[in-house]
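Below is one structure, written out as structure tokens; the observations come after it.
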Amino acid sequence: MKKSYKKILTVLLSVAVMIGMMSIPTFAADTTATAETNSTDLVSDLGMFTPTTSNFKMDVNKMTGNVEVTFTTKALSVQYVKLALTEQTETDAVKDKNAYTSTISGTTGKYTSTFTVKIPASKIGQKIPFSLYQKYTSKDGTAVDGWKNLSKQYYLTLNNSPQLVSDLTSAIYYQEKTAGTDELCKAAKTCWDNLSAADKLKVPEFGYYENASELKGGPDYFGEDTGDATKDNAGNADNIGNCELLVASFGTSYNTSRIETIGGVENALAKAYPKYSVRRGFTSQIIINHIQSRDSEFIDNIDEAMERAINNHVKVLVVQPTQLMSGAEYDELVTEVNQYKSKFQQIVFSKPLCNTDSDKKAVATAIYEAAAKDAGYADTASAIADKDTAFVFMGHGTSHQAQALYDQMQTVVTDLGYKNCFIGTVEGKPADTSLESVIAKVKKAGYKKVVLRPLMVVAGDHAHNDMAGKDADSWKSTFTAAGFTTTAQISGLGQLPTVQQLYVAHTKDAMATVVTATSFSKVKAGKKSVTLTVKKHSNATGYQVRYAKAKSMKNAKTITIKGASKTTKTIKKLTSNKKYYLQVRTYSSNGHSDWSKVKSVKVK
């Protein structure tokens with residue numbers, strides 16, 4: 001079950017439409033009436049349309065948040081030229097301004113009009129008033145054209161249905177936030193809630209997969225129990241202060257795992273660095289939309305997190321990614337965050353989890369010890385000694401060159417003496433970590449039992465479905481079919497204290513590169529000059545000095561002292577007998593510090 005969140009499968013839905021019709025004196029050619037509606041109908045109480053499956057189409061526009069409905073009238077002598085979703089009024093201009101123009105086809109007496117009407121997702125299930133503009137020639141040859149004030153107000157209603165819920169949900173299963181996202185998230189959940197228990201089971205599956213035969217979704221999108229979202233801290237509060245620690249994660253829609261793993265890391269960082277405000281940002285808009293629509297919990301994406309920091313006047317931003325490696329996701333994060341670099345004094349990036357050989361060894365030790373304990377062994381020695389049981393740790397896999405990590409981790413666990421430990425990946429990248437390859441290795445080694453556990457920071461969809469799912473192609477099912485007694489441990493790395501402290505240590509290293517303010521240790525006036533000495537700063541790439549004749553530093557000029565060790569500079573060609581005001585700050589590749597307090601000196 002290889003999911004690709006960046007490959008989009010567009011599902012166009014066709015539904016049968018039944019329209020109730022009434023006798024309308026103004027429209028002599030449209031006098032028949034029928035009456036039958038159901039939960040899949042676009043309903044009108046004006047008998048002007050007889051759509052069939054072939055002339056009705058519905059598509060949710062993820063950009064605007066509208067449901068675009070295209071339908072065709074029955075063959076009539078009347079040409080319906082425009083339709084406006086407004087109350088009937090006496091002023092044609094009001095209706096004309098908001099009108100949808102039809103495409104008309106046919107011959108005299110047998111015209112059909114095709115409209116594409118945009119219905120806001122928030123209006124699903126509501127009666128929407130409409131007005132009509134017609135072209136019609138009466139029997140005496142008189143043209144009767146224009147907006148018609150009917151004998152009563154008529155309405156269109158796009159009713160809820162299992163298919164519509166699927167279509168709305170598919171529209172928010174997309175890696176981009178648009179103007180329509182919030183409305184679609186709300187509408188998808190509202191429509192789901194309004195379905196009967198029986199209809200909820202009829203929601204068609206949806207999704208974006210490499211293989212259309214792997215489409216999943218349906219009732220599980222809203223119906224699966226993933227824990228209590230109210231216990232989570234979305235981490236998107238304001239009142240941040242000068243220094244922020246942004247914890248950037250891919251995310252997971254599994255509430256319990258998110259609280260224990262990402263939340264566990266965030267809490268450890270907040271405890272270790274109380275001077276920094278810890279905030280959350282997710283890189284997966286798909287995950288954010290899922291949580292928002294299902295649980296009404298709003299989590300910032302990276303752009304929103306950056307805008308929040310800017311609006312709160314954050315000066316120093318330290319970014320701690322929770323990724324396992326410096327792969328494609330980490331590269332994209334750095335690129336996205338650096339777009340905002342000019343808005344901060346300093347942006348500092350910390351490292352992902354498995355950055356050094358020491359990190360890899362610590363992670364391997366922590367996961368093996370936890371797996372052995374959860375499997376009921378007294379200690380790791382007992383787990384290693386079991387000649388029947390293999391431990392298989394399933395990572396994600398990647399096409400990025402960082403995929404070397406998985407083979408490195410296999411070497412690490414082997415060097416640690418975990419001879420019954422095997423590293424695999426969902427994506428099968430690198431190739432020797434594929435499910436088929438790992439099964440062959442375990443079988444060749446003679447093991448009869450397998451303990452599966454995710455080599456991932458969170459235990460989310462991959463852990464629950466790809467690894468431990470009931471489907472025939474899950475890792476658990478495949479190992480079992482291969483003759484192994486298989487158990488699965490659904491637990492993410494992020495909830496392990498050792499792993500949390502690795503993130504704390506990485507953040508400490510990153511914070512150590514932050515440059516802080518310095519000051520002048522000496523300022524000496526000379527003839528039309530000032531010689532100054534700056535206090536050294538170990539992290540500085542250099543120093544910037546600005547000077548002006550006004551204390552406000554208006555019209556200040558700036559000079560640079562390059563190199564952290566060089567701290568003395570003479571400013572020449574100044575005005576004699578004039579007082580000058582000076583400030584200094586440190587700078588590095590991350591940015592710069594605050595300016596120092598103003599120092600004044602009178603030039604000779």
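Labels for the structure tokens follow display order: chains A, B, ..., residues from 1 in each chain, ligands from 1.
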Excluding same-chain residues fewer than 3 positions from segment 129-134 of chain A, what lies within 10 Å of it counting only C-alpha atoms, as a JSON list (two decimals) with all heavy atoms, in the first residue's frame?
```json
[["chain", "number", "residue", "atom", "x", "y", "z"],
["A", 27, "PHE", "N", -44.47, 30.32, -17.93],
["A", 27, "PHE", "CA", -43.68, 29.48, -18.83],
["A", 27, "PHE", "C", -44.60, 28.43, -19.43],
["A", 27, "PHE", "O", -44.66, 27.31, -18.96],
["A", 27, "PHE", "CB", -42.51, 28.83, -18.08],
["A", 27, "PHE", "CG", -41.56, 29.84, -17.52],
["A", 27, "PHE", "CD1", -41.73, 30.34, -16.25],
["A", 27, "PHE", "CD2", -40.51, 30.31, -18.30],
["A", 27, "PHE", "CE1", -40.85, 31.28, -15.75],
["A", 27, "PHE", "CE2", -39.63, 31.26, -17.79],
["A", 27, "PHE", "CZ", -39.81, 31.76, -16.51],
["A", 44, "SER", "N", -35.02, 20.99, -7.54],
["A", 44, "SER", "CA", -35.65, 22.27, -7.81],
["A", 44, "SER", "C", -37.15, 22.10, -7.70],
["A", 44, "SER", "O", -37.69, 21.07, -8.09],
["A", 44, "SER", "CB", -35.30, 22.75, -9.22],
["A", 44, "SER", "OG", -36.10, 23.86, -9.56],
["A", 78, "VAL", "N", -38.78, 27.45, -24.75],
["A", 78, "VAL", "CA", -38.16, 28.55, -24.02],
["A", 78, "VAL", "C", -36.65, 28.36, -23.99],
["A", 78, "VAL", "O", -36.15, 27.26, -23.75],
["A", 78, "VAL", "CB", -38.70, 28.62, -22.57],
["A", 78, "VAL", "CG1", -37.98, 29.70, -21.77],
["A", 78, "VAL", "CG2", -40.20, 28.86, -22.58],
["A", 79, "GLN", "N", -35.91, 29.43, -24.25],
["A", 79, "GLN", "CA", -34.46, 29.40, -24.09],
["A", 79, "GLN", "C", -34.10, 30.07, -22.76],
["A", 79, "GLN", "O", -34.33, 31.26, -22.58],
["A", 79, "GLN", "CB", -33.78, 30.16, -25.24],
["A", 79, "GLN", "CG", -34.05, 29.58, -26.61],
["A", 79, "GLN", "CD", -33.37, 30.38, -27.69],
["A", 79, "GLN", "OE1", -32.18, 30.68, -27.60],
["A", 79, "GLN", "NE2", -34.13, 30.72, -28.74],
["A", 80, "TYR", "N", -33.58, 29.28, -21.84],
["A", 80, "TYR", "CA", -33.16, 29.84, -20.55],
["A", 80, "TYR", "C", -31.74, 30.36, -20.72],
["A", 80, "TYR", "O", -30.78, 29.58, -20.82],
["A", 80, "TYR", "CB", -33.24, 28.78, -19.46],
["A", 80, "TYR", "CG", -34.66, 28.35, -19.17],
["A", 80, "TYR", "CD1", -35.09, 27.05, -19.45],
["A", 80, "TYR", "CD2", -35.57, 29.25, -18.64],
["A", 80, "TYR", "CE1", -36.39, 26.66, -19.20],
["A", 80, "TYR", "CE2", -36.88, 28.87, -18.39],
["A", 80, "TYR", "CZ", -37.28, 27.58, -18.66],
["A", 80, "TYR", "OH", -38.58, 27.20, -18.42],
["A", 81, "VAL", "N", -31.58, 31.65, -20.76],
["A", 81, "VAL", "CA", -30.31, 32.29, -21.10],
["A", 81, "VAL", "C", -29.44, 32.51, -19.86],
["A", 81, "VAL", "O", -28.23, 32.28, -19.89],
["A", 81, "VAL", "CB", -30.56, 33.64, -21.79],
["A", 81, "VAL", "CG1", -29.24, 34.31, -22.16],
["A", 81, "VAL", "CG2", -31.44, 33.44, -23.02],
["A", 82, "LYS", "N", -30.06, 32.95, -18.78],
["A", 82, "LYS", "CA", -29.30, 33.23, -17.56],
["A", 82, "LYS", "C", -30.05, 32.75, -16.33],
["A", 82, "LYS", "O", -31.29, 32.69, -16.32],
["A", 82, "LYS", "CB", -29.03, 34.74, -17.43],
["A", 82, "LYS", "CG", -28.14, 35.31, -18.53],
["A", 82, "LYS", "CD", -27.93, 36.81, -18.34],
["A", 82, "LYS", "CE", -27.07, 37.37, -19.46],
["A", 82, "LYS", "NZ", -26.88, 38.84, -19.32],
["A", 83, "LEU", "N", -29.27, 32.41, -15.32],
["A", 83, "LEU", "CA", -29.84, 32.00, -14.03],
["A", 83, "LEU", "C", -29.01, 32.67, -12.94],
["A", 83, "LEU", "O", -27.78, 32.62, -12.95],
["A", 83, "LEU", "CB", -29.79, 30.48, -13.88],
["A", 83, "LEU", "CG", -30.38, 29.86, -12.62],
["A", 83, "LEU", "CD1", -30.89, 28.44, -12.91],
["A", 83, "LEU", "CD2", -29.35, 29.78, -11.49],
["A", 84, "ALA", "N", -29.71, 33.33, -12.02],
["A", 84, "ALA", "CA", -29.03, 34.00, -10.91],
["A", 84, "ALA", "C", -29.51, 33.40, -9.59],
["A", 84, "ALA", "O", -30.71, 33.21, -9.39],
["A", 84, "ALA", "CB", -29.32, 35.49, -10.92],
["A", 85, "LEU", "N", -28.54, 33.07, -8.73],
["A", 85, "LEU", "CA", -28.90, 32.51, -7.43],
["A", 85, "LEU", "C", -29.19, 33.64, -6.45],
["A", 85, "LEU", "O", -28.46, 33.91, -5.50],
["A", 85, "LEU", "CB", -27.76, 31.62, -6.91],
["A", 85, "LEU", "CG", -27.44, 30.41, -7.78],
["A", 85, "LEU", "CD1", -26.28, 29.61, -7.20],
["A", 85, "LEU", "CD2", -28.66, 29.51, -7.96],
["A", 86, "THR", "N", -30.29, 34.33, -6.76],
["A", 86, "THR", "CA", -30.72, 35.46, -5.94],
["A", 86, "THR", "C", -32.24, 35.42, -5.78],
["A", 86, "THR", "O", -32.95, 34.76, -6.55],
["A", 86, "THR", "CB", -30.35, 36.80, -6.58],
["A", 86, "THR", "OG1", -31.01, 36.91, -7.85],
["A", 86, "THR", "CG2", -28.85, 36.93, -6.78],
["A", 87, "GLU", "N", -32.72, 36.15, -4.80],
["A", 87, "GLU", "CA", -34.16, 36.31, -4.64],
["A", 87, "GLU", "C", -34.71, 37.05, -5.86],
["A", 87, "GLU", "O", -34.02, 37.86, -6.48],
["A", 87, "GLU", "CB", -34.47, 37.13, -3.38],
["A", 87, "GLU", "CG", -34.03, 36.48, -2.08],
["A", 87, "GLU", "CD", -35.00, 35.42, -1.58],
["A", 87, "GLU", "OE1", -36.09, 35.30, -2.20],
["A", 87, "GLU", "OE2", -34.69, 34.75, -0.59],
["A", 88, "GLN", "N", -35.95, 36.78, -6.19],
["A", 88, "GLN", "CA", -36.60, 37.54, -7.25],
["A", 88, "GLN", "C", -36.72, 39.01, -6.83],
["A", 88, "GLN", "O", -37.05, 39.31, -5.70],
["A", 88, "GLN", "CB", -38.01, 37.01, -7.51],
["A", 88, "GLN", "CG", -38.04, 35.62, -8.09],
["A", 88, "GLN", "CD", -39.45, 35.19, -8.41],
["A", 88, "GLN", "OE1", -40.13, 35.86, -9.17],
["A", 88, "GLN", "NE2", -39.89, 34.10, -7.84],
["A", 89, "THR", "N", -36.36, 39.90, -7.76],
["A", 89, "THR", "CA", -36.49, 41.33, -7.49],
["A", 89, "THR", "C", -37.09, 42.02, -8.71],
["A", 89, "THR", "O", -37.22, 41.43, -9.78],
["A", 89, "THR", "CB", -35.12, 41.97, -7.19],
["A", 89, "THR", "OG1", -34.33, 41.93, -8.37],
["A", 89, "THR", "CG2", -34.41, 41.25, -6.05],
["A", 92, "ASP", "N", -33.80, 44.22, -12.85],
["A", 92, "ASP", "CA", -33.10, 43.23, -13.66],
["A", 92, "ASP", "C", -31.59, 43.30, -13.44],
["A", 92, "ASP", "O", -30.90, 42.28, -13.47],
["A", 92, "ASP", "CB", -33.39, 43.46, -15.14],
["A", 92, "ASP", "CG", -34.84, 43.17, -15.48],
["A", 92, "ASP", "OD1", -35.57, 42.66, -14.60],
["A", 92, "ASP", "OD2", -35.23, 43.46, -16.62],
["A", 95, "LYS", "N", -30.08, 41.01, -10.77],
["A", 95, "LYS", "CA", -30.02, 39.60, -11.16],
["A", 95, "LYS", "C", -28.98, 39.37, -12.24],
["A", 95, "LYS", "O", -28.28, 38.37, -12.25],
["A", 95, "LYS", "CB", -31.41, 39.15, -11.63],
["A", 95, "LYS", "CG", -32.41, 38.98, -10.50],
["A", 95, "LYS", "CD", -33.79, 38.65, -10.98],
["A", 95, "LYS", "CE", -34.53, 39.88, -11.41],
["A", 95, "LYS", "NZ", -35.99, 39.64, -11.58],
["A", 96, "ASP", "N", -28.87, 40.31, -13.15],
["A", 96, "ASP", "CA", -27.92, 40.17, -14.25],
["A", 96, "ASP", "C", -26.48, 40.16, -13.75],
["A", 96, "ASP", "O", -25.64, 39.41, -14.27],
["A", 96, "ASP", "CB", -28.13, 41.33, -15.24],
["A", 96, "ASP", "CG", -27.30, 41.18, -16.49],
["A", 96, "ASP", "OD1", -27.54, 40.21, -17.23],
["A", 96, "ASP", "OD2", -26.41, 42.01, -16.69],
["A", 99, "ALA", "N", -25.56, 36.65, -12.48],
["A", 99, "ALA", "CA", -26.15, 35.56, -13.26],
["A", 99, "ALA", "C", -25.08, 34.65, -13.87],
["A", 99, "ALA", "O", -23.95, 35.05, -14.14],
["A", 99, "ALA", "CB", -27.01, 36.13, -14.38],
["A", 100, "TYR", "N", -25.51, 33.39, -14.06],
["A", 100, "TYR", "CA", -24.72, 32.40, -14.81],
["A", 100, "TYR", "C", -25.34, 32.29, -16.20],
["A", 100, "TYR", "O", -26.55, 32.13, -16.34],
["A", 100, "TYR", "CB", -24.75, 31.05, -14.13],
["A", 100, "TYR", "CG", -24.08, 31.05, -12.77],
["A", 100, "TYR", "CD1", -24.84, 31.22, -11.62],
["A", 100, "TYR", "CD2", -22.71, 30.89, -12.65],
["A", 100, "TYR", "CE1", -24.24, 31.23, -10.36],
["A", 100, "TYR", "CE2", -22.10, 30.90, -11.41],
["A", 100, "TYR", "CZ", -22.86, 31.07, -10.26],
["A", 100, "TYR", "OH", -22.26, 31.08, -9.04],
["A", 101, "THR", "N", -24.50, 32.38, -17.23],
["A", 101, "THR", "CA", -24.98, 32.32, -18.61],
["A", 101, "THR", "C", -24.96, 30.88, -19.10],
["A", 101, "THR", "O", -24.00, 30.14, -18.86],
["A", 101, "THR", "CB", -24.11, 33.19, -19.53],
["A", 101, "THR", "OG1", -24.13, 34.53, -19.04],
["A", 101, "THR", "CG2", -24.62, 33.16, -20.96],
["A", 126, "GLN", "N", -29.11, 23.46, 1.80],
["A", 126, "GLN", "CA", -29.97, 24.63, 2.01],
["A", 126, "GLN", "C", -30.72, 24.99, 0.73],
["A", 126, "GLN", "O", -30.24, 24.75, -0.37],
["A", 126, "GLN", "CB", -29.13, 25.82, 2.46],
["A", 126, "GLN", "CG", -28.38, 25.62, 3.76],
["A", 126, "GLN", "CD", -27.59, 26.85, 4.16],
["A", 126, "GLN", "OE1", -27.88, 27.96, 3.73],
["A", 126, "GLN", "NE2", -26.57, 26.64, 4.99],
["A", 137, "THR", "N", -40.68, 33.21, -27.69],
["A", 137, "THR", "CA", -41.59, 33.82, -28.65],
["A", 137, "THR", "C", -42.97, 33.21, -28.48],
["A", 137, "THR", "O", -43.13, 31.98, -28.58],
["A", 137, "THR", "CB", -41.10, 33.60, -30.09],
["A", 137, "THR", "OG1", -39.78, 34.13, -30.22],
["A", 137, "THR", "CG2", -42.03, 34.28, -31.08],
["A", 144, "VAL", "N", -40.99, 37.51, -25.90],
["A", 144, "VAL", "CA", -41.18, 37.73, -24.46],
["A", 144, "VAL", "C", -39.85, 37.43, -23.78],
["A", 144, "VAL", "O", -39.61, 36.32, -23.29],
["A", 144, "VAL", "CB", -42.29, 36.82, -23.89],
["A", 144, "VAL", "CG1", -42.57, 37.18, -22.43],
["A", 144, "VAL", "CG2", -43.55, 36.96, -24.72],
["A", 145, "ASP", "N", -38.93, 38.39, -23.82],
["A", 145, "ASP", "CA", -37.58, 38.20, -23.29],
["A", 145, "ASP", "C", -37.39, 39.00, -21.99],
["A", 145, "ASP", "O", -38.00, 40.04, -21.80],
["A", 145, "ASP", "CB", -36.53, 38.66, -24.30],
["A", 145, "ASP", "CG", -36.60, 37.89, -25.60],
["A", 145, "ASP", "OD1", -37.26, 36.84, -25.61],
["A", 145, "ASP", "OD2", -36.01, 38.36, -26.59],
["A", 146, "GLY", "N", -36.52, 38.47, -21.14],
["A", 146, "GLY", "CA", -36.16, 39.23, -19.94],
["A", 146, "GLY", "C", -36.27, 38.40, -18.68],
["A", 146, "GLY", "O", -36.62, 37.21, -18.70],
["A", 147, "TRP", "N", -35.92, 39.03, -17.56],
["A", 147, "TRP", "CA", -36.03, 38.38, -16.25],
["A", 147, "TRP", "C", -37.50, 38.24, -15.89],
["A", 147, "TRP", "O", -38.30, 39.13, -16.13],
["A", 147, "TRP", "CB", -35.32, 39.20, -15.18],
["A", 147, "TRP", "CG", -33.84, 39.20, -15.33],
["A", 147, "TRP", "CD1", -33.08, 40.16, -15.91],
["A", 147, "TRP", "CD2", -32.95, 38.18, -14.91],
["A", 147, "TRP", "NE1", -31.76, 39.81, -15.90],
["A", 147, "TRP", "CE2", -31.65, 38.59, -15.27],
["A", 147, "TRP", "CE3", -33.10, 36.95, -14.27],
["A", 147, "TRP", "CZ2", -30.52, 37.83, -15.02],
["A", 147, "TRP", "CZ3", -32.00, 36.20, -14.01],
["A", 147, "TRP", "CH2", -30.71, 36.62, -14.37],
["A", 148, "LYS", "N", -37.87, 37.09, -15.35],
["A", 148, "LYS", "CA", -39.26, 36.80, -15.06],
["A", 148, "LYS", "C", -39.50, 36.76, -13.56],
["A", 148, "LYS", "O", -38.82, 36.03, -12.82],
["A", 148, "LYS", "CB", -39.67, 35.46, -15.68],
["A", 148, "LYS", "CG", -39.59, 35.47, -17.20],
["A", 148, "LYS", "CD", -40.46, 36.57, -17.80],
["A", 148, "LYS", "CE", -40.29, 36.65, -19.29],
["A", 148, "LYS", "NZ", -41.07, 37.78, -19.86],
["A", 149, "ASN", "N", -40.42, 37.57, -13.10],
["A", 149, "ASN", "CA", -40.89, 37.48, -11.73],
["A", 149, "ASN", "C", -41.98, 36.42, -11.70],
["A", 149, "ASN", "O", -43.09, 36.63, -12.18],
["A", 149, "ASN", "CB", -41.43, 38.82, -11.25],
["A", 149, "ASN", "CG", -40.31, 39.83, -11.07],
["A", 149, "ASN", "OD1", -39.36, 39.55, -10.35],
["A", 149, "ASN", "ND2", -40.42, 40.97, -11.73],
["A", 150, "LEU", "N", -41.62, 35.27, -11.17],
["A", 150, "LEU", "CA", -42.54, 34.14, -11.19],
["A", 150, "LEU", "C", -43.64, 34.34, -10.17],
["A", 150, "LEU", "O", -43.61, 35.25, -9.35],
["A", 150, "LEU", "CB", -41.76, 32.86, -10.92],
["A", 150, "LEU", "CG", -40.54, 32.64, -11.84],
["A", 150, "LEU", "CD1", -39.80, 31.38, -11.46],
["A", 150, "LEU", "CD2", -40.98, 32.58, -13.30],
["A", 153, "GLN", "N", -41.54, 32.46, -5.26],
["A", 153, "GLN", "CA", -40.09, 32.25, -5.26],
["A", 153, "GLN", "C", -39.78, 30.76, -5.37],
["A", 153, "GLN", "O", -40.37, 29.94, -4.65],
["A", 153, "GLN", "CB", -39.47, 32.80, -3.98],
["A", 153, "GLN", "CG", -37.97, 32.62, -3.88],
["A", 153, "GLN", "CD", -37.23, 33.45, -4.91],
["A", 153, "GLN", "OE1", -37.30, 34.67, -4.90],
["A", 153, "GLN", "NE2", -36.53, 32.79, -5.82],
["A", 154, "TYR", "N", -38.85, 30.41, -6.25],
["A", 154, "TYR", "CA", -38.46, 29.01, -6.39],
["A", 154, "TYR", "C", -37.01, 28.81, -5.94],
["A", 154, "TYR", "O", -36.23, 29.76, -5.86],
["A", 154, "TYR", "CB", -38.65, 28.56, -7.84],
["A", 154, "TYR", "CG", -40.10, 28.50, -8.21],
["A", 154, "TYR", "CD1", -40.72, 29.60, -8.82],
["A", 154, "TYR", "CD2", -40.86, 27.38, -7.92],
["A", 154, "TYR", "CE1", -42.07, 29.56, -9.14],
["A", 154, "TYR", "CE2", -42.21, 27.34, -8.23],
["A", 154, "TYR", "CZ", -42.81, 28.43, -8.83],
["A", 154, "TYR", "OH", -44.14, 28.40, -9.13],
["A", 155, "TYR", "N", -36.66, 27.54, -5.66],
["A", 155, "TYR", "CA", -35.38, 27.25, -5.03],
["A", 155, "TYR", "C", -34.70, 26.03, -5.66],
["A", 155, "TYR", "O", -35.35, 25.13, -6.18],
["A", 155, "TYR", "CB", -35.58, 26.96, -3.54],
["A", 155, "TYR", "CG", -36.17, 28.11, -2.77],
["A", 155, "TYR", "CD1", -37.55, 28.25, -2.66],
["A", 155, "TYR", "CD2", -35.35, 29.07, -2.17],
["A", 155, "TYR", "CE1", -38.11, 29.32, -1.97],
["A", 155, "TYR", "CE2", -35.90, 30.13, -1.47],
["A", 155, "TYR", "CZ", -37.27, 30.25, -1.38],
["A", 155, "TYR", "OH", -37.82, 31.31, -0.68],
["A", 156, "LEU", "N", -33.36, 26.05, -5.57],
["A", 156, "LEU", "CA", -32.54, 24.88, -5.87],
["A", 156, "LEU", "C", -31.92, 24.41, -4.56],
["A", 156, "LEU", "O", -31.55, 25.20, -3.72],
["A", 156, "LEU", "CB", -31.40, 25.24, -6.84],
["A", 156, "LEU", "CG", -31.76, 25.57, -8.29],
["A", 156, "LEU", "CD1", -30.50, 26.06, -9.01],
["A", 156, "LEU", "CD2", -32.33, 24.36, -9.00],
["A", 157, "THR", "N", -31.78, 23.10, -4.43],
["A", 157, "THR", "CA", -31.14, 22.53, -3.24],
["A", 157, "THR", "C", -30.20, 21.41, -3.66],
["A", 157, "THR", "O", -30.63, 20.47, -4.33],
["A", 157, "THR", "CB", -32.17, 21.97, -2.25],
["A", 157, "THR", "OG1", -33.13, 22.97, -1.93],
["A", 157, "THR", "CG2", -31.48, 21.50, -0.96]]
```
- Message: Going by DSSP on the backbone, which residues of segment 157-298 of chain A come out as strand (DSSP E)? List them as a list in words.
- Response: Thr157, Leu158, Glu205, Phe206, Lys216, Gly217, Cys243, Glu244, Leu245, Leu246, Val247, Ala248, Ser249, Ser277, Val278, Arg279, Arg280, Gly281 and Phe282 of chain A
Which neighbours of segment 323-337 of chain A fall inside 7 Å, counting only C-alpha atoms, when residues of the same chain fewer than 2 positions from it are skipped, and could you give them as a compact mmCIF listing (two decimals) with all heavy atoms, in the first residue's frame?
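Output saved as selection38.txt:
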```txt
# COMPACT_ATOMS: atom_id res chain seq x y z
N SER A 249 7.16 19.37 11.94
CA SER A 249 6.91 17.94 11.76
C SER A 249 6.07 17.70 10.51
O SER A 249 5.32 18.58 10.08
CB SER A 249 6.15 17.37 12.97
OG SER A 249 6.82 17.66 14.18
N PRO A 321 13.49 20.43 13.28
CA PRO A 321 12.68 19.46 12.53
C PRO A 321 12.64 18.13 13.28
O PRO A 321 13.61 17.76 13.95
CB PRO A 321 13.46 19.31 11.22
CG PRO A 321 14.87 19.62 11.58
CD PRO A 321 14.82 20.63 12.70
N GLN A 339 12.60 31.59 2.97
CA GLN A 339 11.91 32.63 2.21
C GLN A 339 11.55 33.81 3.11
O GLN A 339 11.32 34.92 2.63
CB GLN A 339 10.64 32.07 1.56
CG GLN A 339 10.91 31.05 0.48
CD GLN A 339 9.63 30.45 -0.08
OE1 GLN A 339 8.53 30.75 0.38
NE2 GLN A 339 9.77 29.60 -1.08
N TYR A 340 11.50 33.56 4.41
CA TYR A 340 11.12 34.59 5.37
C TYR A 340 12.34 35.16 6.12
O TYR A 340 12.18 35.89 7.10
CB TYR A 340 10.15 34.01 6.40
CG TYR A 340 8.86 33.51 5.81
CD1 TYR A 340 8.73 32.19 5.38
CD2 TYR A 340 7.76 34.34 5.68
CE1 TYR A 340 7.54 31.72 4.84
CE2 TYR A 340 6.56 33.89 5.15
CZ TYR A 340 6.46 32.57 4.73
OH TYR A 340 5.29 32.11 4.20
N PRO A 352 17.99 17.07 12.08
CA PRO A 352 17.03 15.97 12.28
C PRO A 352 17.57 14.94 13.27
O PRO A 352 18.70 15.07 13.76
CB PRO A 352 16.88 15.38 10.88
CG PRO A 352 17.29 16.47 9.95
CD PRO A 352 18.37 17.21 10.68
N LEU A 353 16.80 13.90 13.52
CA LEU A 353 17.11 12.95 14.59
C LEU A 353 18.43 12.22 14.37
O LEU A 353 19.30 12.21 15.23
CB LEU A 353 15.96 11.95 14.72
CG LEU A 353 16.10 10.91 15.83
CD1 LEU A 353 16.26 11.57 17.19
CD2 LEU A 353 14.90 9.97 15.83
N CYS A 354 18.58 11.54 13.24
CA CYS A 354 19.77 10.70 13.01
C CYS A 354 20.81 11.47 12.22
O CYS A 354 21.03 11.23 11.02
CB CYS A 354 19.37 9.42 12.28
SG CYS A 354 18.32 8.33 13.26
N ASN A 355 21.45 12.40 12.88
CA ASN A 355 22.41 13.27 12.21
C ASN A 355 23.83 12.73 12.26
O ASN A 355 24.57 12.83 11.30
CB ASN A 355 22.35 14.67 12.81
CG ASN A 355 23.24 15.65 12.09
OD1 ASN A 355 23.12 15.83 10.89
ND2 ASN A 355 24.15 16.28 12.83
N HIS A 400 15.60 9.98 -2.08
CA HIS A 400 16.67 10.95 -1.79
C HIS A 400 17.95 10.19 -1.42
O HIS A 400 17.89 9.06 -0.92
CB HIS A 400 16.22 11.86 -0.65
CG HIS A 400 17.08 13.04 -0.41
ND1 HIS A 400 18.23 12.99 0.34
CD2 HIS A 400 16.94 14.34 -0.80
CE1 HIS A 400 18.77 14.20 0.40
NE2 HIS A 400 18.01 15.04 -0.29
N ALA A 402 19.60 10.50 0.98
CA ALA A 402 19.60 10.21 2.42
C ALA A 402 19.11 8.80 2.72
O ALA A 402 19.16 8.37 3.87
CB ALA A 402 18.74 11.24 3.15
N VAL A 457 9.18 8.53 13.60
CA VAL A 457 8.99 9.39 14.78
C VAL A 457 7.57 9.24 15.31
O VAL A 457 7.35 9.20 16.52
CB VAL A 457 9.30 10.86 14.44
CG1 VAL A 457 8.99 11.76 15.63
CG2 VAL A 457 10.77 11.00 14.05
```
- Item | Distance query segment 279-288 of chain A at most 8 Å, only C-alpha atoms, self and fewer than 2 positions along chain excluded, as a ChimeraX atom specification | /A:5,172-177,234-237,244-253,277,290-292,298-302,304-305,333
- Item | Glu369 of chain A environment, 9 Å, only C-alpha atoms, sequence neighbours closer than 5 positions dropped, as a VMD selection string | chain A and resid 364 374 379 to 380 383
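Here atom CA of Gly446 of chain A stands at a distance of 17.2 Å from atom CA of Thr487 of chain A.
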- Task: Extract, using only C-alpha atoms, all DNA, RNA and protein residues at most 10 Å from Val499 of chain A, discarding same-chain residues fewer than 6 positions from it, and format them as an MDAnalysis selection string.
- Result: chainID A and resid 261 264:265 353:354 359 362:363 366:367 457 493 505
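One distance worth recording is that between atom CA of Lys444 of chain A and atom CA of His396 of chain A, which is 23.6 Å.
If only C-alpha atoms are the atoms counted, then among A:Asn311, A:Asn159, A:Ser538, A:Thr568 the closest residue to Phe344 of chain A is A:Asn311.
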- Item | Residue nearest Ala510 of chain A - candidates A:Lys57, A:Lys551, A:Lys62, A:Lys351, atoms counted: only C-alpha atoms | A:Lys351
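Atom pair atom CA of Val203 of chain A / atom CA of Gly218 of chain A has a distance of 5.1 Å (rounded to one decimal).
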